[in-house]
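Step one of this worksheet: look at the structure below.
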Amino acid sequence: MPSADTRASTGGVGAASDVPASGRVSRSAPRATSGAGASGAAAGSGVPADPTVSTESTKLRPGDPGYRRLSLALFAAGLVAFGLLYSTQALLPALSADLGVTAGRASWTVSGATLGLACAVLPLSVLSERFGRRRVMTLSLTLAVGLALLMPLAPSLGWLIALRVAQGVALAGVPASAMAFLAEEVRARALVGAIGLFVAGNSIGGMSGRIITGWATEAWGWRAGLLVLGGAAALCAVAYRLLVPRPRHFRPASVRPRAVARTVREQLANPLLLRLYAIGMLFMTVFGAVYTVVGYRLVHQPFGLSQGLAGSIFVIYLVGTVSSAAAGTLHARLGRRGALYLAIGTTATGLLLSLAENLLAVAGGLVLITAGFFAGHAVASGSVSRTATTGRAQASALYQMAYYLGSSLGGALGAFAYAAAGWPATAAFALTALVAAAGITLYATRRAVAERRAVALAAAGR
């Protein structure tokens, strides 16, 4: 049975090791209160919590040096994760031209990576419960960077897709651990904002990765584009490892299959979590479809942009940095459902605007799509971490599974729709996914109203 860390200090962040040192805790010690680093109990390990390191008052808050270091470290990890995960997206037209393949086949260099991540995120979240968030993230980033440096040597599209699937599996350790890491170390009131900063790192990583590969591909070819991005990712991975503080609230949990299965069943039995998983998947279906296909639209007529200019359109990701970082404010002012309605409406407006045969209108549409997506994702993912008071790693992993399955679905079906009937078909597919997300949110709103009425009637009848 794994032991709790009895030596963690309530002072500096560096007080405890990544996997807490062996130390016995009395069986009579009280368990953690709700929301206070409950990952150990989450997986059914039976290890009682140490109240000296589990109370909300010992967690990090904005202004603390440890909070800044953790935020910057996970920001760097987000740069690597999204930069590498979508590294081939901006150069899909070049891949199609050089290897003589269709948009649908080339899109599997993106969908394969996200599918690999979706399949691996839950198992790696289990390993992070046992061996530590920081350790799993470090190993994941190391393997992903190593694979990135091998990809320019791929002799065929099949080999490239295989390497991309393996890279997606390696990268799964980052989303499998990051939100649980934040939930354990950051105070609840600052959690949505901290997750928003991590998502902001994702957006900048996605933007810079696509721009770097786009211009490098135009100058030297797609293999050089991948090599340059791999080198940049290696530097960010080193920055993460130098910045990331030692956790104070992590306690290793059991990795017994029955315990894990029980935790997963508990999460899947929660109607709110199920709705959040579905909304995250649908948002990412839209985003995956749009950004997998938009490069083809921009390099073809009526726009006819070069590979570098088409890749530069991803500078719009900076809008996602702002909207995801503002997710905490939106959540506080509008509530979860209000923020989701705003995100859905913004994304839908952007899709309609993107139908115009005008480059400025298309760019404006992409701005709205990006802002709405990142705001919706930050609100949904942050709500998962707030809702799951136990088994946070598994809850977050299930969200990430749904999210990246949506990316794979959106990339593959969006490319298929484009090949069949052009951009209007891709936009129609994406709008259908948004209608489904709006329907789920409306259902939740009606349930909440009905519950409030029932409570009011019960109170009046007393």
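Ligands are numbered from 1 in the order shown, residues from 1 within each chain, and chains are lettered A, B, ... in the order they appear in the structure tokens.
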Fewer than 5 positions away in the same chain doesn't count, so skip those; otherwise give me all residues within 10 Å of region 323-332 of chain A, counting only C-alpha atoms, as a CSV table (one decimal) with N, CA, C and O atoms, in the first residue's frame.
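Listing of selection-v3.csv after writing:
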```csv
chain,number,residue,atom,x,y,z
A,189,ARG,N,-10.2,28.7,-5.7
A,189,ARG,CA,-10.7,29.9,-6.3
A,189,ARG,C,-9.8,30.4,-7.4
A,189,ARG,O,-10.2,31.1,-8.3
A,190,ALA,N,-8.5,30.0,-7.4
A,190,ALA,CA,-7.6,30.3,-8.5
A,190,ALA,C,-7.4,29.3,-9.5
A,190,ALA,O,-6.7,29.5,-10.5
A,191,LEU,N,-8.2,28.2,-9.4
A,191,LEU,CA,-8.0,27.0,-10.3
A,191,LEU,C,-8.3,27.3,-11.7
A,191,LEU,O,-7.6,27.0,-12.6
A,192,VAL,N,-9.5,27.8,-12.0
A,192,VAL,CA,-9.9,28.1,-13.4
A,192,VAL,C,-8.9,29.0,-14.0
A,192,VAL,O,-8.6,28.8,-15.2
A,193,GLY,N,-8.5,30.1,-13.3
A,193,GLY,CA,-7.5,31.0,-13.9
A,193,GLY,C,-6.2,30.3,-14.2
A,193,GLY,O,-5.6,30.5,-15.2
A,194,ALA,N,-5.7,29.4,-13.3
A,194,ALA,CA,-4.5,28.7,-13.5
A,194,ALA,C,-4.6,27.7,-14.7
A,194,ALA,O,-3.6,27.7,-15.5
A,195,ILE,N,-5.7,27.1,-14.8
A,195,ILE,CA,-5.9,26.2,-16.0
A,195,ILE,C,-6.0,27.0,-17.2
A,195,ILE,O,-5.5,26.6,-18.3
A,196,GLY,N,-6.6,28.2,-17.1
A,196,GLY,CA,-6.6,29.1,-18.3
A,196,GLY,C,-5.3,29.4,-18.8
A,196,GLY,O,-5.0,29.5,-20.0
A,197,LEU,N,-4.3,29.7,-17.9
A,197,LEU,CA,-2.9,30.0,-18.3
A,197,LEU,C,-2.3,28.7,-19.0
A,197,LEU,O,-1.5,28.9,-19.9
A,198,PHE,N,-2.6,27.5,-18.5
A,198,PHE,CA,-2.1,26.3,-19.1
A,198,PHE,C,-2.6,26.2,-20.5
A,198,PHE,O,-1.9,25.9,-21.5
A,199,VAL,N,-3.9,26.5,-20.7
A,199,VAL,CA,-4.6,26.4,-22.0
A,199,VAL,C,-4.0,27.5,-22.9
A,199,VAL,O,-3.8,27.3,-24.1
A,200,ALA,N,-3.6,28.7,-22.3
A,200,ALA,CA,-3.0,29.7,-23.1
A,200,ALA,C,-1.7,29.3,-23.6
A,200,ALA,O,-1.3,29.6,-24.8
A,201,GLY,N,-0.9,28.5,-22.8
A,201,GLY,CA,0.3,27.9,-23.3
A,201,GLY,C,0.1,27.0,-24.5
A,201,GLY,O,0.8,26.9,-25.5
A,202,ASN,N,-1.1,26.2,-24.4
A,202,ASN,CA,-1.4,25.4,-25.5
A,202,ASN,C,-1.7,26.2,-26.8
A,202,ASN,O,-1.3,25.8,-27.9
A,203,SER,N,-2.4,27.3,-26.6
A,203,SER,CA,-2.7,28.1,-27.8
A,203,SER,C,-1.5,28.7,-28.4
A,203,SER,O,-1.3,28.7,-29.7
A,317,TYR,N,-4.1,32.3,-33.2
A,317,TYR,CA,-4.1,31.6,-31.9
A,317,TYR,C,-3.8,32.5,-30.7
A,317,TYR,O,-4.2,32.2,-29.6
A,318,LEU,N,-3.2,33.6,-31.0
A,318,LEU,CA,-3.0,34.6,-29.9
A,318,LEU,C,-4.4,35.0,-29.3
A,318,LEU,O,-4.5,35.3,-28.1
A,337,ARG,N,-22.7,27.8,-17.4
A,337,ARG,CA,-23.6,27.6,-18.6
A,337,ARG,C,-23.6,28.9,-19.4
A,337,ARG,O,-23.6,28.9,-20.7
A,338,GLY,N,-23.6,30.1,-18.8
A,338,GLY,CA,-23.6,31.3,-19.5
A,338,GLY,C,-22.3,31.5,-20.3
A,338,GLY,O,-22.4,32.0,-21.4
A,339,ALA,N,-21.2,31.1,-19.7
A,339,ALA,CA,-19.9,31.2,-20.4
A,339,ALA,C,-19.9,30.3,-21.6
A,339,ALA,O,-19.4,30.6,-22.7
A,340,LEU,N,-20.5,29.1,-21.5
A,340,LEU,CA,-20.5,28.1,-22.6
A,340,LEU,C,-21.4,28.6,-23.7
A,340,LEU,O,-21.1,28.5,-24.9
A,342,LEU,N,-22.0,31.7,-24.5
A,342,LEU,CA,-21.2,32.8,-25.2
A,342,LEU,C,-20.2,32.2,-26.1
A,342,LEU,O,-20.0,32.6,-27.2
A,343,ALA,N,-19.5,31.1,-25.6
A,343,ALA,CA,-18.4,30.5,-26.4
A,343,ALA,C,-19.0,29.8,-27.7
A,343,ALA,O,-18.5,29.9,-28.8
A,370,THR,N,-11.6,30.8,-33.0
A,370,THR,CA,-10.5,30.5,-32.0
A,370,THR,C,-10.9,31.1,-30.6
A,370,THR,O,-10.7,30.4,-29.6
A,371,ALA,N,-11.4,32.3,-30.6
A,371,ALA,CA,-11.8,32.9,-29.2
A,371,ALA,C,-12.9,32.0,-28.6
A,371,ALA,O,-12.8,31.7,-27.4
A,372,GLY,N,-13.9,31.6,-29.3
A,372,GLY,CA,-15.0,30.9,-28.7
A,372,GLY,C,-14.5,29.5,-28.3
A,372,GLY,O,-14.9,29.0,-27.2
A,373,PHE,N,-13.7,28.8,-29.1
A,373,PHE,CA,-13.2,27.5,-28.8
A,373,PHE,C,-12.4,27.5,-27.5
A,373,PHE,O,-12.6,26.7,-26.6
A,374,PHE,N,-11.4,28.4,-27.4
A,374,PHE,CA,-10.5,28.3,-26.3
A,374,PHE,C,-11.2,28.7,-25.0
A,374,PHE,O,-11.0,28.2,-23.9
A,375,ALA,N,-12.2,29.7,-25.1
A,375,ALA,CA,-13.0,30.0,-23.9
A,375,ALA,C,-13.8,28.8,-23.5
A,375,ALA,O,-13.9,28.5,-22.3
A,376,GLY,N,-14.5,28.2,-24.4
A,376,GLY,CA,-15.3,27.1,-24.1
A,376,GLY,C,-14.5,25.9,-23.5
A,376,GLY,O,-14.9,25.3,-22.5
A,377,HIS,N,-13.4,25.6,-24.1
A,377,HIS,CA,-12.5,24.5,-23.6
A,377,HIS,C,-12.0,24.8,-22.2
A,377,HIS,O,-12.0,24.0,-21.3
A,378,ALA,N,-11.6,26.1,-21.9
A,378,ALA,CA,-11.0,26.4,-20.6
A,378,ALA,C,-12.1,26.3,-19.5
A,378,ALA,O,-11.9,25.8,-18.4
A,379,VAL,N,-13.4,26.8,-19.9
A,379,VAL,CA,-14.5,26.7,-18.9
A,379,VAL,C,-14.8,25.2,-18.7
A,379,VAL,O,-15.0,24.8,-17.5
A,380,ALA,N,-15.0,24.4,-19.7
A,380,ALA,CA,-15.4,23.0,-19.6
A,380,ALA,C,-14.3,22.2,-18.8
A,380,ALA,O,-14.6,21.5,-17.9
A,382,GLY,N,-11.9,23.4,-16.8
A,382,GLY,CA,-11.8,23.8,-15.4
A,382,GLY,C,-12.9,23.4,-14.6
A,382,GLY,O,-12.8,23.0,-13.4
A,383,SER,N,-14.1,23.3,-15.2
A,383,SER,CA,-15.3,22.8,-14.4
A,383,SER,C,-15.2,21.3,-14.1
A,383,SER,O,-15.7,20.9,-13.1
```
Spatial neighbours of Leu243 (chain A), max dist 10 Å, only C-alpha atoms, sep filter under 5 positions, as a tab-separated table (two decimals) with N, CA, C and O atoms, in the first residue's frame:
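File written: out15.tsv
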```
chain	number	residue	atom	x	y	z
A	66	GLY	N	5.89	30.14	-5.78
A	66	GLY	CA	5.63	28.81	-6.27
A	66	GLY	C	4.53	28.78	-7.31
A	66	GLY	O	4.58	28.01	-8.27
A	68	ARG	N	3.88	31.19	-9.44
A	68	ARG	CA	4.46	31.69	-10.69
A	68	ARG	C	5.32	30.63	-11.37
A	68	ARG	O	5.25	30.45	-12.59
A	69	ARG	N	6.12	29.92	-10.58
A	69	ARG	CA	6.96	28.88	-11.17
A	69	ARG	C	6.14	27.75	-11.77
A	69	ARG	O	6.42	27.29	-12.88
A	70	LEU	N	5.13	27.32	-11.05
A	70	LEU	CA	4.28	26.24	-11.56
A	70	LEU	C	3.54	26.68	-12.82
A	70	LEU	O	3.45	25.93	-13.80
A	71	SER	N	3.02	27.92	-12.82
A	71	SER	CA	2.29	28.42	-13.99
A	71	SER	C	3.21	28.50	-15.20
A	71	SER	O	2.84	28.09	-16.31
A	72	LEU	N	4.43	29.02	-15.01
A	72	LEU	CA	5.36	29.14	-16.13
A	72	LEU	C	5.81	27.77	-16.62
A	72	LEU	O	5.97	27.55	-17.83
A	73	ALA	N	6.02	26.84	-15.70
A	73	ALA	CA	6.45	25.49	-16.10
A	73	ALA	C	5.38	24.81	-16.94
A	73	ALA	O	5.67	24.22	-17.99
A	74	LEU	N	4.12	24.89	-16.50
A	74	LEU	CA	3.06	24.25	-17.26
A	74	LEU	C	2.75	25.02	-18.54
A	74	LEU	O	2.29	24.43	-19.52
A	76	ALA	N	5.16	26.29	-20.35
A	76	ALA	CA	6.17	25.72	-21.25
A	76	ALA	C	5.78	24.33	-21.71
A	76	ALA	O	5.97	23.96	-22.88
A	238	VAL	N	13.24	21.70	-21.77
A	238	VAL	CA	14.28	21.97	-20.77
A	238	VAL	C	13.81	23.07	-19.82
A	238	VAL	O	14.01	22.99	-18.60
```
Inset, instruction - Could you check which of A:Phe283, A:Tyr404, A:Tyr291, A:Tyr296 is closest to Leu434 (chain A), using only C-alpha atoms? - result: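 Of A:Phe283, A:Tyr404, A:Tyr291, A:Tyr296, the one nearest Leu434 (chain A) is A:Phe283, counting only C-alpha atoms.
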Legend entry - Exercise: Arg164 (chain A) partners within 7 Å, only C-alpha atoms, chain neighbours under 3 positions left out, as JSON, numbers by chain: {"A": [109, 112, 113, 160, 161, 167, 168]}
How would the residues just chosen look if you wrote them out with N, CA and C atoms as an mmCIF file, in the first residue's frame?
```
data_model
loop_
_atom_site.group_PDB
_atom_site.id
_atom_site.type_symbol
_atom_site.label_atom_id
_atom_site.label_comp_id
_atom_site.auth_asym_id
_atom_site.auth_seq_id
_atom_site.Cartn_x
_atom_site.Cartn_y
_atom_site.Cartn_z
ATOM 1 N N THR A 109 -1.887 12.388 -40.457
ATOM 2 C CA THR A 109 -0.694 12.763 -39.694
ATOM 3 C C THR A 109 -1.085 13.633 -38.498
ATOM 4 N N GLY A 112 -3.975 10.929 -36.465
ATOM 5 C CA GLY A 112 -3.282 9.799 -35.844
ATOM 6 C C GLY A 112 -2.656 10.179 -34.517
ATOM 7 N N ALA A 113 -2.052 11.387 -34.474
ATOM 8 C CA ALA A 113 -1.431 11.838 -33.223
ATOM 9 C C ALA A 113 -2.474 12.065 -32.135
ATOM 10 N N LEU A 160 5.529 8.144 -41.356
ATOM 11 C CA LEU A 160 5.276 9.410 -40.678
ATOM 12 C C LEU A 160 4.037 9.303 -39.788
ATOM 13 N N ILE A 161 2.988 8.684 -40.300
ATOM 14 C CA ILE A 161 1.778 8.512 -39.481
ATOM 15 C C ILE A 161 2.071 7.646 -38.261
ATOM 16 N N GLN A 167 4.037 9.552 -31.121
ATOM 17 C CA GLN A 167 4.237 10.840 -30.462
ATOM 18 C C GLN A 167 2.993 11.271 -29.699
ATOM 19 N N GLY A 168 1.823 10.997 -30.251
ATOM 20 C CA GLY A 168 0.594 11.301 -29.529
ATOM 21 C C GLY A 168 0.494 10.527 -28.228
#
```
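Minimum atom-to-atom distances from A:Leu282, A:Val449, A:Leu242, A:Ala233 to Tyr403 (chain A) were compared using only C-alpha atoms, and the lowest value belongs to A:Leu282.
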Inset, instruction - Would you mind writing down, as an NGL selection string, each residue of region 272-377 of chain A that DSSP on the backbone assigns to alpha helix (DSSP H)? - result: :A and (272-299 or 307-312 or 317-325 or 327-353 or 359-377)
Store the residues picked out above in a file with C-alpha atoms, as a JSON list (two decimals), in the first residue's frame.
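And here's result13.json as it stands now:
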```
[["chain", "number", "residue", "atom", "x", "y", "z"],
["A", 272, "LEU", "CA", -22.47, 16.84, -14.99],
["A", 273, "LEU", "CA", -19.11, 15.31, -15.86],
["A", 274, "LEU", "CA", -20.65, 13.41, -18.77],
["A", 275, "ARG", "CA", -22.08, 16.65, -20.16],
["A", 276, "LEU", "CA", -18.74, 18.40, -19.79],
["A", 277, "TYR", "CA", -16.96, 15.54, -21.58],
["A", 278, "ALA", "CA", -19.43, 15.72, -24.46],
["A", 279, "ILE", "CA", -19.12, 19.51, -24.73],
["A", 280, "GLY", "CA", -15.33, 19.32, -24.76],
["A", 281, "MET", "CA", -15.45, 16.68, -27.51],
["A", 282, "LEU", "CA", -17.85, 18.72, -29.64],
["A", 283, "PHE", "CA", -15.85, 21.93, -29.29],
["A", 284, "MET", "CA", -12.71, 20.09, -30.36],
["A", 285, "THR", "CA", -14.52, 18.44, -33.27],
["A", 286, "VAL", "CA", -15.21, 21.93, -34.58],
["A", 287, "PHE", "CA", -11.68, 23.17, -34.00],
["A", 288, "GLY", "CA", -10.05, 20.07, -35.45],
["A", 289, "ALA", "CA", -12.15, 20.29, -38.61],
["A", 290, "VAL", "CA", -11.50, 24.00, -39.16],
["A", 291, "TYR", "CA", -7.76, 24.06, -38.62],
["A", 292, "THR", "CA", -7.05, 20.80, -40.43],
["A", 293, "VAL", "CA", -8.77, 22.05, -43.57],
["A", 294, "VAL", "CA", -8.16, 25.81, -43.56],
["A", 295, "GLY", "CA", -4.63, 25.45, -44.95],
["A", 296, "TYR", "CA", -5.96, 23.76, -48.08],
["A", 297, "ARG", "CA", -8.55, 26.48, -48.53],
["A", 298, "LEU", "CA", -5.97, 29.27, -48.24],
["A", 299, "VAL", "CA", -3.42, 27.84, -50.66],
["A", 307, "GLN", "CA", 2.71, 27.86, -47.72],
["A", 308, "GLY", "CA", 4.37, 30.38, -45.40],
["A", 309, "LEU", "CA", 1.52, 32.88, -45.56],
["A", 310, "ALA", "CA", -1.06, 30.14, -45.07],
["A", 311, "GLY", "CA", 0.83, 28.96, -42.00],
["A", 312, "SER", "CA", 0.97, 32.52, -40.67],
["A", 317, "TYR", "CA", -4.06, 31.56, -31.93],
["A", 318, "LEU", "CA", -3.03, 34.60, -29.87],
["A", 319, "VAL", "CA", -6.74, 35.34, -29.60],
["A", 320, "GLY", "CA", -7.10, 31.96, -27.92],
["A", 321, "THR", "CA", -4.40, 32.93, -25.43],
["A", 322, "VAL", "CA", -6.47, 35.94, -24.36],
["A", 323, "SER", "CA", -9.85, 34.19, -24.32],
["A", 324, "SER", "CA", -8.60, 31.15, -22.39],
["A", 325, "ALA", "CA", -6.83, 33.32, -19.82],
["A", 327, "ALA", "CA", -12.12, 32.12, -18.86],
["A", 328, "GLY", "CA", -12.00, 32.53, -15.09],
["A", 329, "THR", "CA", -13.58, 36.00, -15.35],
["A", 330, "LEU", "CA", -16.26, 34.76, -17.74],
["A", 331, "HIS", "CA", -17.05, 31.88, -15.40],
["A", 332, "ALA", "CA", -17.33, 34.22, -12.41],
["A", 333, "ARG", "CA", -19.60, 36.73, -14.19],
["A", 334, "LEU", "CA", -21.81, 34.50, -16.32],
["A", 335, "GLY", "CA", -21.63, 31.14, -14.58],
["A", 336, "ARG", "CA", -20.59, 27.92, -16.29],
["A", 337, "ARG", "CA", -23.56, 27.65, -18.63],
["A", 338, "GLY", "CA", -23.59, 31.34, -19.47],
["A", 339, "ALA", "CA", -19.91, 31.21, -20.43],
["A", 340, "LEU", "CA", -20.54, 28.13, -22.57],
["A", 341, "TYR", "CA", -23.46, 29.79, -24.39],
["A", 342, "LEU", "CA", -21.22, 32.76, -25.16],
["A", 343, "ALA", "CA", -18.44, 30.48, -26.42],
["A", 344, "ILE", "CA", -20.82, 28.48, -28.63],
["A", 345, "GLY", "CA", -22.40, 31.62, -30.11],
["A", 346, "THR", "CA", -19.02, 33.20, -30.81],
["A", 347, "THR", "CA", -17.74, 30.06, -32.55],
["A", 348, "ALA", "CA", -20.90, 29.68, -34.65],
["A", 349, "THR", "CA", -20.72, 33.32, -35.76],
["A", 350, "GLY", "CA", -17.12, 32.78, -36.83],
["A", 351, "LEU", "CA", -18.05, 29.73, -38.90],
["A", 352, "LEU", "CA", -20.75, 31.66, -40.74],
["A", 353, "LEU", "CA", -18.36, 34.55, -41.40],
["A", 359, "LEU", "CA", -9.64, 36.90, -47.00],
["A", 360, "LEU", "CA", -10.37, 39.50, -44.31],
["A", 361, "ALA", "CA", -13.76, 37.95, -43.62],
["A", 362, "VAL", "CA", -12.20, 34.48, -43.37],
["A", 363, "ALA", "CA", -9.55, 35.82, -40.98],
["A", 364, "GLY", "CA", -12.24, 37.48, -38.89],
["A", 365, "GLY", "CA", -14.20, 34.24, -38.81],
["A", 366, "LEU", "CA", -11.11, 32.36, -37.62],
["A", 367, "VAL", "CA", -10.62, 34.95, -34.87],
["A", 368, "LEU", "CA", -14.15, 34.31, -33.56],
["A", 369, "ILE", "CA", -13.84, 30.53, -33.93],
["A", 370, "THR", "CA", -10.55, 30.54, -32.01],
["A", 371, "ALA", "CA", -11.79, 32.86, -29.25],
["A", 372, "GLY", "CA", -14.97, 30.86, -28.75],
["A", 373, "PHE", "CA", -13.22, 27.49, -28.78],
["A", 374, "PHE", "CA", -10.51, 28.34, -26.27],
["A", 375, "ALA", "CA", -12.97, 30.04, -23.91],
["A", 376, "GLY", "CA", -15.31, 27.05, -24.06],
["A", 377, "HIS", "CA", -12.50, 24.55, -23.58]]
```
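Reported to one decimal place, the separation of CA of Tyr418 (chain A) from CA of Gly104 (chain A) is 8.8 Å.
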Legend entry - Counting only C-alpha atoms, the option among A:Val244, A:Leu149, A:Ala437, A:Ala183 closest to Gly231 (chain A):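 Of A:Val244, A:Leu149, A:Ala437, A:Ala183, the one nearest Gly231 (chain A), counting only C-alpha atoms, is A:Leu149.
Between CA of Leu141 (chain A) and CA of Gln267 (chain A) there is a distance of 27.4 Å.
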Inset, instruction - Determine the nearest neighbour of Val315 (chain A) from the options A:Met207, A:Ala239, A:Val145, A:Leu398, counting only C-alpha atoms. - result: A:Met207
Contacts between region 125-138 of chain A and region 377-415 of chain A, please, where a residue of region 377-415 of chain A counts if it comes within 12 Å (with only C-alpha atoms); show its shortest atom pair and distance in Å to one decimal, rows by chain and ascending number, as a tab-separated table.
```
residue	atom	partner	partner_atom	distance
A:Thr390	CA	A:Glu129	CA	11.8
A:Gly391	CA	A:Glu129	CA	9.0
A:Arg392	CA	A:Ser125	CA	9.3
A:Ala393	CA	A:Ser125	CA	5.6
A:Gln394	CA	A:Ser125	CA	6.2
A:Ala395	CA	A:Ser125	CA	9.3
A:Ser396	CA	A:Ser125	CA	8.3
A:Ala397	CA	A:Ser125	CA	6.2
A:Leu398	CA	A:Ser125	CA	9.4
A:Tyr399	CA	A:Ser125	CA	11.5
A:Gln400	CA	A:Ser125	CA	10.3
A:Met401	CA	A:Ser125	CA	10.9
```
Would you save the residues from that selection as a short mmCIF file (atom, residue, chain, number, x, y, z; two decimals), in the first residue's frame, using all heavy atoms?
```cif
data_model
loop_
_atom_site.label_atom_id
_atom_site.label_comp_id
_atom_site.auth_asym_id
_atom_site.auth_seq_id
_atom_site.Cartn_x
_atom_site.Cartn_y
_atom_site.Cartn_z
N THR A 390 -12.81 13.92 -6.05
CA THR A 390 -11.97 12.74 -5.92
C THR A 390 -11.65 12.23 -7.32
O THR A 390 -12.39 12.47 -8.27
CB THR A 390 -12.66 11.63 -5.11
OG1 THR A 390 -13.85 11.21 -5.80
CG2 THR A 390 -13.01 12.10 -3.71
N GLY A 391 -10.55 11.52 -7.44
CA GLY A 391 -10.16 10.95 -8.72
C GLY A 391 -9.95 12.00 -9.80
O GLY A 391 -10.37 11.83 -10.94
N ARG A 392 -9.32 13.12 -9.44
CA ARG A 392 -9.18 14.22 -10.39
C ARG A 392 -8.41 13.81 -11.63
O ARG A 392 -8.72 14.25 -12.74
CB ARG A 392 -8.50 15.42 -9.73
CG ARG A 392 -9.40 16.19 -8.77
CD ARG A 392 -8.78 17.54 -8.44
NE ARG A 392 -9.65 18.33 -7.59
CZ ARG A 392 -9.48 18.49 -6.29
NH1 ARG A 392 -8.46 17.89 -5.69
NH2 ARG A 392 -10.31 19.23 -5.59
N ALA A 393 -7.36 13.00 -11.47
CA ALA A 393 -6.57 12.61 -12.63
C ALA A 393 -7.41 11.81 -13.61
O ALA A 393 -7.36 12.02 -14.83
CB ALA A 393 -5.35 11.80 -12.21
N GLN A 394 -8.22 10.88 -13.09
CA GLN A 394 -9.07 10.09 -13.98
C GLN A 394 -10.17 10.96 -14.61
O GLN A 394 -10.49 10.81 -15.79
CB GLN A 394 -9.72 8.93 -13.22
CG GLN A 394 -8.82 7.73 -13.04
CD GLN A 394 -7.78 7.96 -11.96
OE1 GLN A 394 -8.08 8.52 -10.92
NE2 GLN A 394 -6.56 7.54 -12.20
N ALA A 395 -10.73 11.89 -13.82
CA ALA A 395 -11.76 12.78 -14.37
C ALA A 395 -11.19 13.64 -15.49
O ALA A 395 -11.80 13.79 -16.55
CB ALA A 395 -12.32 13.67 -13.26
N SER A 396 -10.01 14.19 -15.26
CA SER A 396 -9.36 15.00 -16.29
C SER A 396 -8.98 14.15 -17.49
O SER A 396 -9.10 14.58 -18.65
CB SER A 396 -8.12 15.68 -15.73
OG SER A 396 -8.46 16.62 -14.73
N ALA A 397 -8.54 12.92 -17.24
CA ALA A 397 -8.14 12.04 -18.34
C ALA A 397 -9.33 11.68 -19.22
O ALA A 397 -9.23 11.64 -20.45
CB ALA A 397 -7.49 10.78 -17.79
N LEU A 398 -10.48 11.43 -18.59
CA LEU A 398 -11.67 11.13 -19.38
C LEU A 398 -12.08 12.33 -20.23
O LEU A 398 -12.51 12.19 -21.38
CB LEU A 398 -12.82 10.71 -18.45
CG LEU A 398 -12.66 9.33 -17.81
CD1 LEU A 398 -13.72 9.14 -16.71
CD2 LEU A 398 -12.77 8.22 -18.84
N TYR A 399 -11.94 13.52 -19.66
CA TYR A 399 -12.21 14.73 -20.45
C TYR A 399 -11.25 14.81 -21.63
O TYR A 399 -11.66 15.09 -22.76
CB TYR A 399 -12.08 15.98 -19.57
CG TYR A 399 -12.26 17.26 -20.36
CD1 TYR A 399 -13.53 17.78 -20.61
CD2 TYR A 399 -11.16 17.93 -20.88
CE1 TYR A 399 -13.70 18.94 -21.35
CE2 TYR A 399 -11.32 19.09 -21.62
CZ TYR A 399 -12.59 19.59 -21.85
OH TYR A 399 -12.75 20.73 -22.60
N GLN A 400 -9.97 14.56 -21.38
CA GLN A 400 -8.98 14.65 -22.46
C GLN A 400 -9.22 13.57 -23.51
O GLN A 400 -9.01 13.81 -24.71
CB GLN A 400 -7.57 14.51 -21.89
CG GLN A 400 -7.16 15.62 -20.93
CD GLN A 400 -7.06 16.97 -21.59
OE1 GLN A 400 -6.85 17.06 -22.80
NE2 GLN A 400 -7.23 18.03 -20.82
N MET A 401 -9.65 12.38 -23.09
CA MET A 401 -9.98 11.34 -24.06
C MET A 401 -11.07 11.82 -25.01
O MET A 401 -10.97 11.71 -26.24
CB MET A 401 -10.45 10.07 -23.34
CG MET A 401 -9.36 9.24 -22.73
SD MET A 401 -10.02 7.75 -21.95
CE MET A 401 -10.63 6.85 -23.39
#
```
Within 9 Å of Leu157 (chain A) using only C-alpha atoms, minus same-chain residues under 6 positions, as a PDB file with N, CA, C and O atoms, in the first residue's frame:
```pdb
ATOM      1  N   LEU A  95       2.650  18.320 -47.774  1.00  0.00           N
ATOM      2  CA  LEU A  95       2.713  16.860 -47.715  1.00  0.00           C
ATOM      3  C   LEU A  95       1.940  16.233 -48.878  1.00  0.00           C
ATOM      4  O   LEU A  95       2.415  15.289 -49.523  1.00  0.00           O
ATOM      5  N   LEU A  99       4.174  14.106 -51.457  1.00  0.00           N
ATOM      6  CA  LEU A  99       3.989  12.661 -51.392  1.00  0.00           C
ATOM      7  C   LEU A  99       2.878  12.161 -52.302  1.00  0.00           C
ATOM      8  O   LEU A  99       2.652  10.946 -52.396  1.00  0.00           O
ATOM      9  N   VAL A 101      -0.509  12.562 -52.106  1.00  0.00           N
ATOM     10  CA  VAL A 101      -1.629  11.966 -51.365  1.00  0.00           C
ATOM     11  C   VAL A 101      -2.752  12.980 -51.248  1.00  0.00           C
ATOM     12  O   VAL A 101      -2.549  14.188 -51.370  1.00  0.00           O
ATOM     13  N   ARG A 105      -5.958  11.554 -46.684  1.00  0.00           N
ATOM     14  CA  ARG A 105      -4.845  10.712 -46.221  1.00  0.00           C
ATOM     15  C   ARG A 105      -3.823  11.531 -45.438  1.00  0.00           C
ATOM     16  O   ARG A 105      -3.343  11.103 -44.386  1.00  0.00           O
ATOM     17  N   ALA A 106      -3.485  12.702 -45.937  1.00  0.00           N
ATOM     18  CA  ALA A 106      -2.509  13.541 -45.229  1.00  0.00           C
ATOM     19  C   ALA A 106      -3.022  13.953 -43.854  1.00  0.00           C
ATOM     20  O   ALA A 106      -2.242  14.095 -42.901  1.00  0.00           O
ATOM     21  N   THR A 109      -1.887  12.388 -40.457  1.00  0.00           N
ATOM     22  CA  THR A 109      -0.694  12.763 -39.694  1.00  0.00           C
ATOM     23  C   THR A 109      -1.085  13.633 -38.498  1.00  0.00           C
ATOM     24  O   THR A 109      -0.328  13.745 -37.532  1.00  0.00           O
TER      25      THR A 109
END
```
Legend entry - Of the listed residues A:Ser381, A:Thr114, A:Asn358, A:Ser87, that which approaches Arg223 (chain A) most closely, counting only C-alpha atoms: A:Ser87
